[in-house]
Amino acid sequence: MFAELLKHPRALAFSVLLHVVIIGLMVFNLKFVDKPSNITAGQVAKTVKAEVVDQQQLEDREKQKRLEEERIKEAERKKLEAKKLEQKKKREAEQRRKDEAKKKAELKRKKEAEEKRKAEEKLKAEQKRKADAKRKADEKLKAEQKRKADEKRKADEKRKAEEKRKAEEKRIAEEKRKAEEKRIAEEKRKAEEKRIAEEKRKAEEKRIAEEKRKAEEAEKRRLAEEEERRKAELKAKLQAEENQRRLNSLREAYKLAILQKVKRNWIRPAGSENIPECWIRVRQGPGGIILDVTFGACKGSTGAYRSSIENAVYKADPLPEPGDPALFEPELNFNFKPE
């Protein structure tokens with residue numbers, strides 16, 4: 001009994017609570033109410049036992065209710081499964097019916113096709129028989145027509161063969177004539193082509209020879225001109241070098257003549273022991289006319305020494321003219337060194 005109650009903790013808790021309340025009430029009543037003389041311990045025990053029995057009945061009803069609900073659910077589940085099975089059977093039956101109908105329709109279609117094929121074969125056989133009869137009649141007629149046509153054809157062929165033979169003989173003769181004419185014309189054409197080709201060849205050779213000759217002459221002229229130009233350049237170079245040498249020689253002679261003329265006119269100043277070198281710049285005009293005399297570097301010189309040089313330059317006026325007018329310089333620079 002107790003094990004059964006443990007399976008239902010809520011019912012057990014409710015039962016215990018109920019007993020606690022009842023016991024509390026009993027205790028409370030014992031404190032404030034006089035104890036009836038007719039209540040015994042056995043009666044209390046009976047009351048508690050009756051309450052336990054009522055609780056057990058309540059749990060049994062709950063259990064019975066759950067079992068009934070489960071039975072109803074199981075019945076509904078089986079009913080649903082039976083319904084699904086019924087629907088499946090109906091679908092399968094419907095599919096079998098459709099398959100059967102399709103099979104019957106296919107058999108009917110095949111039967112009708114077979115009957116149609118047999119009817120068509122019968123019709124074709126009849127048509128073939130008629131066609132064969134007509135073909136044989138036509139063949140007989142054609143054979144007769146062919147025989148007559150062959151006889152006519154042979155006669156025509158004989159006639160045509162004779163005509164063809166004569167035409168062939170005529171054609172051969174005509175072809176021989178044309179071939180001969182063609183041969184003669186071809187020989188003439190080839191001879192003409194050969195003549196033209198020979199003339200072209202000679203003209204080409206002549207042209208090539210002429211071009212070669214012109215090219216050789218042009219090359220000779222170019223080489224000759226190149227040689228002349230080279231000789232002229234060499235001559236000009238030699239002439240320029242010769243002119244340069246001559247001008248250099250004349251320039252040196254020109255400067256030397258000026259320097260010597262100045263030195264000839266120079267008078268050593270009295271008491272002048274130190275005679276240093278002095279660079280002199282002389283500006284001259286046409287004909288060697290002296291326009292101005294200035295000094296450049298003249299380290300260690302005295303005023304008297306520079307005056308003596310300046311006087312010597314002016315006394316040299318007019319200065320000697322160069323051997324070549326191209327050497328004339330408006331401004332001369334030279335180093336005066338009496339020694």
# chains A, B, ... in the order shown; residues from 1 in each chain; ligands from 1
>>> residues_around(residues="stretch 260-264 of chain A", least_positions_apart="3", cutoff="7 Å", atoms="only C-alpha atoms", output="PyMOL selection string")
chain A and resi 256-257+312-313+316+338
>>> write_last_selection(atoms="N, CA and C atoms", output="short mmCIF file (atom, residue, chain, number, x, y, z; two decimals), in the first residue's frame")
data_model
loop_
_atom_site.label_atom_id
_atom_site.label_comp_id
_atom_site.auth_asym_id
_atom_site.auth_seq_id
_atom_site.Cartn_x
_atom_site.Cartn_y
_atom_site.Cartn_z
N LEU A 256 108.61 90.33 -86.11
CA LEU A 256 110.05 90.53 -85.91
C LEU A 256 110.50 91.88 -86.49
N ALA A 257 109.93 92.23 -87.68
CA ALA A 257 110.31 93.51 -88.31
C ALA A 257 109.87 94.67 -87.44
N ALA A 312 110.51 104.92 -78.47
CA ALA A 312 111.04 104.06 -79.53
C ALA A 312 109.92 103.59 -80.43
N VAL A 313 108.76 103.27 -79.84
CA VAL A 313 107.62 102.79 -80.65
C VAL A 313 107.14 103.91 -81.55
N ALA A 316 109.24 104.55 -84.47
CA ALA A 316 109.15 103.49 -85.49
C ALA A 316 107.98 103.72 -86.43
N PRO A 338 115.19 94.10 -74.78
CA PRO A 338 116.33 94.64 -75.54
C PRO A 338 117.44 93.61 -75.73
#
>>> residues_around(residues="stretch 241-247 of chain A", least_positions_apart="6", cutoff="10 Å", atoms="only C-alpha atoms", output="list in words")
Lys235, Ala253, Tyr254, Pro322, Gly323, Asp324, Ala326 and Leu327 of chain A
>>> write_last_selection(atoms="N, CA and C atoms", output="compact mmCIF listing (two decimals), in the first residue's frame")
# COMPACT_ATOMS: atom_id res chain seq x y z
N LYS A 235 94.51 68.89 -102.44
CA LYS A 235 95.21 70.08 -102.92
C LYS A 235 94.85 71.30 -102.08
N ALA A 253 107.71 87.08 -89.37
CA ALA A 253 108.60 88.10 -89.97
C ALA A 253 108.06 89.50 -89.72
N TYR A 254 106.70 89.61 -89.78
CA TYR A 254 106.02 90.89 -89.56
C TYR A 254 106.28 91.39 -88.14
N PRO A 322 102.73 94.19 -93.27
CA PRO A 322 102.89 92.73 -93.36
C PRO A 322 103.06 92.30 -94.81
N GLY A 323 103.64 91.12 -94.98
CA GLY A 323 103.82 90.59 -96.34
C GLY A 323 102.50 90.22 -96.99
N ASP A 324 101.46 90.06 -96.19
CA ASP A 324 100.12 89.72 -96.71
C ASP A 324 99.13 90.63 -95.99
N ALA A 326 96.24 90.21 -95.22
CA ALA A 326 95.39 89.47 -94.26
C ALA A 326 96.00 89.44 -92.88
N LEU A 327 97.33 89.71 -92.78
CA LEU A 327 98.01 89.64 -91.48
C LEU A 327 97.92 90.95 -90.72
>>> residues_around(residues="A:Ile280", least_positions_apart="3", cutoff="8 Å", atoms="only C-alpha atoms", output="list in words")
Val293, Thr294, Phe295, Gly296, Leu332, Asn333, Phe334, Asn335 and Phe336 of chain A
>>> decode(residues="stretch 120-169 of chain A", atoms="N, CA and C atoms", output="PDB file, in the first residue's frame")
ATOM      1  N   GLU A 120      -5.574  -3.979 -93.181  1.00  0.00           N
ATOM      2  CA  GLU A 120      -4.667  -3.315 -94.127  1.00  0.00           C
ATOM      3  C   GLU A 120      -3.884  -4.332 -94.949  1.00  0.00           C
ATOM      4  N   GLU A 121      -3.438  -5.415 -94.279  1.00  0.00           N
ATOM      5  CA  GLU A 121      -2.715  -6.473 -95.013  1.00  0.00           C
ATOM      6  C   GLU A 121      -3.619  -7.122 -96.058  1.00  0.00           C
ATOM      7  N   LYS A 122      -4.918  -7.375 -95.666  1.00  0.00           N
ATOM      8  CA  LYS A 122      -5.870  -7.967 -96.610  1.00  0.00           C
ATOM      9  C   LYS A 122      -6.091  -7.045 -97.797  1.00  0.00           C
ATOM     10  N   LEU A 123      -6.246  -5.716 -97.446  1.00  0.00           N
ATOM     11  CA  LEU A 123      -6.436  -4.722 -98.501  1.00  0.00           C
ATOM     12  C   LEU A 123      -5.206  -4.652 -99.400  1.00  0.00           C
ATOM     13  N   LYS A 124      -4.020  -4.662 -98.754  1.00  0.00           N
ATOM     14  CA  LYS A 124      -2.789  -4.615 -99.538  1.00  0.00           C
ATOM     15  C   LYS A 124      -2.639  -5.858-100.413  1.00  0.00           C
ATOM     16  N   ALA A 125      -3.054  -7.023 -99.860  1.00  0.00           N
ATOM     17  CA  ALA A 125      -2.960  -8.260-100.639  1.00  0.00           C
ATOM     18  C   ALA A 125      -3.868  -8.198-101.860  1.00  0.00           C
ATOM     19  N   GLU A 126      -5.089  -7.655-101.626  1.00  0.00           N
ATOM     20  CA  GLU A 126      -6.033  -7.524-102.752  1.00  0.00           C
ATOM     21  C   GLU A 126      -5.488  -6.535-103.779  1.00  0.00           C
ATOM     22  N   GLN A 127      -4.974  -5.415-103.239  1.00  0.00           N
ATOM     23  CA  GLN A 127      -4.399  -4.415-104.148  1.00  0.00           C
ATOM     24  C   GLN A 127      -3.202  -4.981-104.906  1.00  0.00           C
ATOM     25  N   LYS A 128      -2.391  -5.802-104.189  1.00  0.00           N
ATOM     26  CA  LYS A 128      -1.232  -6.421-104.818  1.00  0.00           C
ATOM     27  C   LYS A 128      -1.658  -7.397-105.919  1.00  0.00           C
ATOM     28  N   ARG A 129      -2.744  -8.178-105.602  1.00  0.00           N
ATOM     29  CA  ARG A 129      -3.240  -9.130-106.615  1.00  0.00           C
ATOM     30  C   ARG A 129      -3.682  -8.388-107.861  1.00  0.00           C
ATOM     31  N   LYS A 130      -4.471  -7.330-107.622  1.00  0.00           N
ATOM     32  CA  LYS A 130      -4.941  -6.532-108.766  1.00  0.00           C
ATOM     33  C   LYS A 130      -3.767  -5.891-109.490  1.00  0.00           C
ATOM     34  N   ALA A 131      -2.814  -5.378-108.670  1.00  0.00           N
ATOM     35  CA  ALA A 131      -1.650  -4.721-109.282  1.00  0.00           C
ATOM     36  C   ALA A 131      -0.836  -5.730-110.081  1.00  0.00           C
ATOM     37  N   ASP A 132      -0.681  -6.953-109.521  1.00  0.00           N
ATOM     38  CA  ASP A 132       0.058  -7.995-110.247  1.00  0.00           C
ATOM     39  C   ASP A 132      -0.632  -8.347-111.559  1.00  0.00           C
ATOM     40  N   ALA A 133      -1.987  -8.463-111.498  1.00  0.00           N
ATOM     41  CA  ALA A 133      -2.733  -8.774-112.727  1.00  0.00           C
ATOM     42  C   ALA A 133      -2.559  -7.665-113.747  1.00  0.00           C
ATOM     43  N   LYS A 134      -2.661  -6.425-113.224  1.00  0.00           N
ATOM     44  CA  LYS A 134      -2.500  -5.272-114.136  1.00  0.00           C
ATOM     45  C   LYS A 134      -1.065  -5.213-114.649  1.00  0.00           C
ATOM     46  N   ARG A 135      -0.094  -5.505-113.696  1.00  0.00           N
ATOM     47  CA  ARG A 135       1.307  -5.481-114.102  1.00  0.00           C
ATOM     48  C   ARG A 135       1.591  -6.506-115.195  1.00  0.00           C
ATOM     49  N   LYS A 136       1.023  -7.729-115.015  1.00  0.00           N
ATOM     50  CA  LYS A 136       1.230  -8.780-116.031  1.00  0.00           C
ATOM     51  C   LYS A 136       0.633  -8.367-117.367  1.00  0.00           C
ATOM     52  N   ALA A 137      -0.585  -7.766-117.307  1.00  0.00           N
ATOM     53  CA  ALA A 137      -1.218  -7.301-118.553  1.00  0.00           C
ATOM     54  C   ALA A 137      -0.361  -6.203-119.174  1.00  0.00           C
ATOM     55  N   ASP A 138       0.096  -5.302-118.303  1.00  0.00           N
ATOM     56  CA  ASP A 138       0.946  -4.205-118.808  1.00  0.00           C
ATOM     57  C   ASP A 138       2.253  -4.743-119.360  1.00  0.00           C
ATOM     58  N   GLU A 139       2.831  -5.752-118.666  1.00  0.00           N
ATOM     59  CA  GLU A 139       4.086  -6.347-119.135  1.00  0.00           C
ATOM     60  C   GLU A 139       3.896  -7.012-120.500  1.00  0.00           C
ATOM     61  N   LYS A 140       2.745  -7.682-120.644  1.00  0.00           N
ATOM     62  CA  LYS A 140       2.462  -8.335-121.947  1.00  0.00           C
ATOM     63  C   LYS A 140       2.332  -7.293-123.030  1.00  0.00           C
ATOM     64  N   LEU A 141       1.574  -6.215-122.663  1.00  0.00           N
ATOM     65  CA  LEU A 141       1.406  -5.140-123.637  1.00  0.00           C
ATOM     66  C   LEU A 141       2.741  -4.466-123.931  1.00  0.00           C
ATOM     67  N   LYS A 142       3.521  -4.244-122.849  1.00  0.00           N
ATOM     68  CA  LYS A 142       4.830  -3.601-123.025  1.00  0.00           C
ATOM     69  C   LYS A 142       5.766  -4.503-123.826  1.00  0.00           C
ATOM     70  N   ALA A 143       5.680  -5.807-123.588  1.00  0.00           N
ATOM     71  CA  ALA A 143       6.540  -6.745-124.339  1.00  0.00           C
ATOM     72  C   ALA A 143       6.243  -6.656-125.824  1.00  0.00           C
ATOM     73  N   GLU A 144       4.932  -6.601-126.140  1.00  0.00           N
ATOM     74  CA  GLU A 144       4.556  -6.467-127.555  1.00  0.00           C
ATOM     75  C   GLU A 144       5.041  -5.143-128.113  1.00  0.00           C
ATOM     76  N   GLN A 145       4.789  -4.110-127.276  1.00  0.00           N
ATOM     77  CA  GLN A 145       5.238  -2.783-127.722  1.00  0.00           C
ATOM     78  C   GLN A 145       6.766  -2.721-127.837  1.00  0.00           C
ATOM     79  N   LYS A 146       7.420  -3.417-126.916  1.00  0.00           N
ATOM     80  CA  LYS A 146       8.877  -3.438-126.944  1.00  0.00           C
ATOM     81  C   LYS A 146       9.399  -4.160-128.173  1.00  0.00           C
ATOM     82  N   ARG A 147       8.702  -5.292-128.487  1.00  0.00           N
ATOM     83  CA  ARG A 147       9.138  -6.048-129.683  1.00  0.00           C
ATOM     84  C   ARG A 147       9.047  -5.165-130.912  1.00  0.00           C
ATOM     85  N   LYS A 148       7.880  -4.498-131.028  1.00  0.00           N
ATOM     86  CA  LYS A 148       7.708  -3.618-132.180  1.00  0.00           C
ATOM     87  C   LYS A 148       8.714  -2.455-132.114  1.00  0.00           C
ATOM     88  N   ALA A 149       8.887  -1.965-130.892  1.00  0.00           N
ATOM     89  CA  ALA A 149       9.822  -0.843-130.739  1.00  0.00           C
ATOM     90  C   ALA A 149      11.250  -1.287-131.035  1.00  0.00           C
ATOM     91  N   ASP A 150      11.600  -2.538-130.602  1.00  0.00           N
ATOM     92  CA  ASP A 150      12.935  -3.067-130.889  1.00  0.00           C
ATOM     93  C   ASP A 150      13.169  -3.198-132.382  1.00  0.00           C
ATOM     94  N   GLU A 151      12.138  -3.699-133.057  1.00  0.00           N
ATOM     95  CA  GLU A 151      12.269  -3.824-134.517  1.00  0.00           C
ATOM     96  C   GLU A 151      12.472  -2.452-135.136  1.00  0.00           C
ATOM     97  N   LYS A 152      11.646  -1.498-134.679  1.00  0.00           N
ATOM     98  CA  LYS A 152      11.777  -0.135-135.203  1.00  0.00           C
ATOM     99  C   LYS A 152      13.123   0.460-134.803  1.00  0.00           C
ATOM    100  N   ARG A 153      13.508   0.189-133.491  1.00  0.00           N
ATOM    101  CA  ARG A 153      14.791   0.720-133.002  1.00  0.00           C
ATOM    102  C   ARG A 153      15.959   0.174-133.793  1.00  0.00           C
ATOM    103  N   LYS A 154      15.911  -1.156-134.069  1.00  0.00           N
ATOM    104  CA  LYS A 154      17.000  -1.777-134.835  1.00  0.00           C
ATOM    105  C   LYS A 154      17.094  -1.172-136.227  1.00  0.00           C
ATOM    106  N   ALA A 155      15.892  -0.949-136.840  1.00  0.00           N
ATOM    107  CA  ALA A 155      15.892  -0.330-138.167  1.00  0.00           C
ATOM    108  C   ALA A 155      16.456   1.086-138.077  1.00  0.00           C
ATOM    109  N   ASP A 156      16.011   1.808-137.031  1.00  0.00           N
ATOM    110  CA  ASP A 156      16.506   3.175-136.846  1.00  0.00           C
ATOM    111  C   ASP A 156      18.000   3.169-136.542  1.00  0.00           C
ATOM    112  N   GLU A 157      18.407   2.194-135.682  1.00  0.00           N
ATOM    113  CA  GLU A 157      19.826   2.111-135.346  1.00  0.00           C
ATOM    114  C   GLU A 157      20.671   1.812-136.569  1.00  0.00           C
ATOM    115  N   LYS A 158      20.148   0.931-137.431  1.00  0.00           N
ATOM    116  CA  LYS A 158      20.890   0.603-138.655  1.00  0.00           C
ATOM    117  C   LYS A 158      21.014   1.832-139.531  1.00  0.00           C
ATOM    118  N   ARG A 159      19.841   2.534-139.663  1.00  0.00           N
ATOM    119  CA  ARG A 159      19.859   3.754-140.470  1.00  0.00           C
ATOM    120  C   ARG A 159      20.789   4.801-139.831  1.00  0.00           C
ATOM    121  N   LYS A 160      20.622   4.954-138.493  1.00  0.00           N
ATOM    122  CA  LYS A 160      21.458   5.948-137.799  1.00  0.00           C
ATOM    123  C   LYS A 160      22.926   5.556-137.829  1.00  0.00           C
ATOM    124  N   ALA A 161      23.194   4.247-137.728  1.00  0.00           N
ATOM    125  CA  ALA A 161      24.588   3.792-137.786  1.00  0.00           C
ATOM    126  C   ALA A 161      25.213   4.149-139.116  1.00  0.00           C
ATOM    127  N   GLU A 162      24.418   3.965-140.190  1.00  0.00           N
ATOM    128  CA  GLU A 162      24.932   4.328-141.513  1.00  0.00           C
ATOM    129  C   GLU A 162      25.167   5.826-141.603  1.00  0.00           C
ATOM    130  N   GLU A 163      24.152   6.563-141.087  1.00  0.00           N
ATOM    131  CA  GLU A 163      24.304   8.023-141.091  1.00  0.00           C
ATOM    132  C   GLU A 163      25.483   8.440-140.197  1.00  0.00           C
ATOM    133  N   LYS A 164      25.604   7.762-139.056  1.00  0.00           N
ATOM    134  CA  LYS A 164      26.690   8.075-138.127  1.00  0.00           C
ATOM    135  C   LYS A 164      28.040   7.771-138.739  1.00  0.00           C
ATOM    136  N   ARG A 165      28.098   6.606-139.485  1.00  0.00           N
ATOM    137  CA  ARG A 165      29.363   6.227-140.132  1.00  0.00           C
ATOM    138  C   ARG A 165      29.782   7.294-141.116  1.00  0.00           C
ATOM    139  N   LYS A 166      28.779   7.709-141.955  1.00  0.00           N
ATOM    140  CA  LYS A 166      29.093   8.733-142.948  1.00  0.00           C
ATOM    141  C   LYS A 166      29.473  10.054-142.251  1.00  0.00           C
ATOM    142  N   ALA A 167      28.687  10.389-141.186  1.00  0.00           N
ATOM    143  CA  ALA A 167      28.981  11.631-140.458  1.00  0.00           C
ATOM    144  C   ALA A 167      30.343  11.551-139.792  1.00  0.00           C
ATOM    145  N   GLU A 168      30.685  10.337-139.282  1.00  0.00           N
ATOM    146  CA  GLU A 168      31.977  10.142-138.631  1.00  0.00           C
ATOM    147  C   GLU A 168      33.115  10.296-139.619  1.00  0.00           C
ATOM    148  N   GLU A 169      32.898   9.701-140.827  1.00  0.00           N
ATOM    149  CA  GLU A 169      33.929   9.848-141.865  1.00  0.00           C
ATOM    150  C   GLU A 169      34.102  11.315-142.226  1.00  0.00           C
TER     151      GLU A 169
END
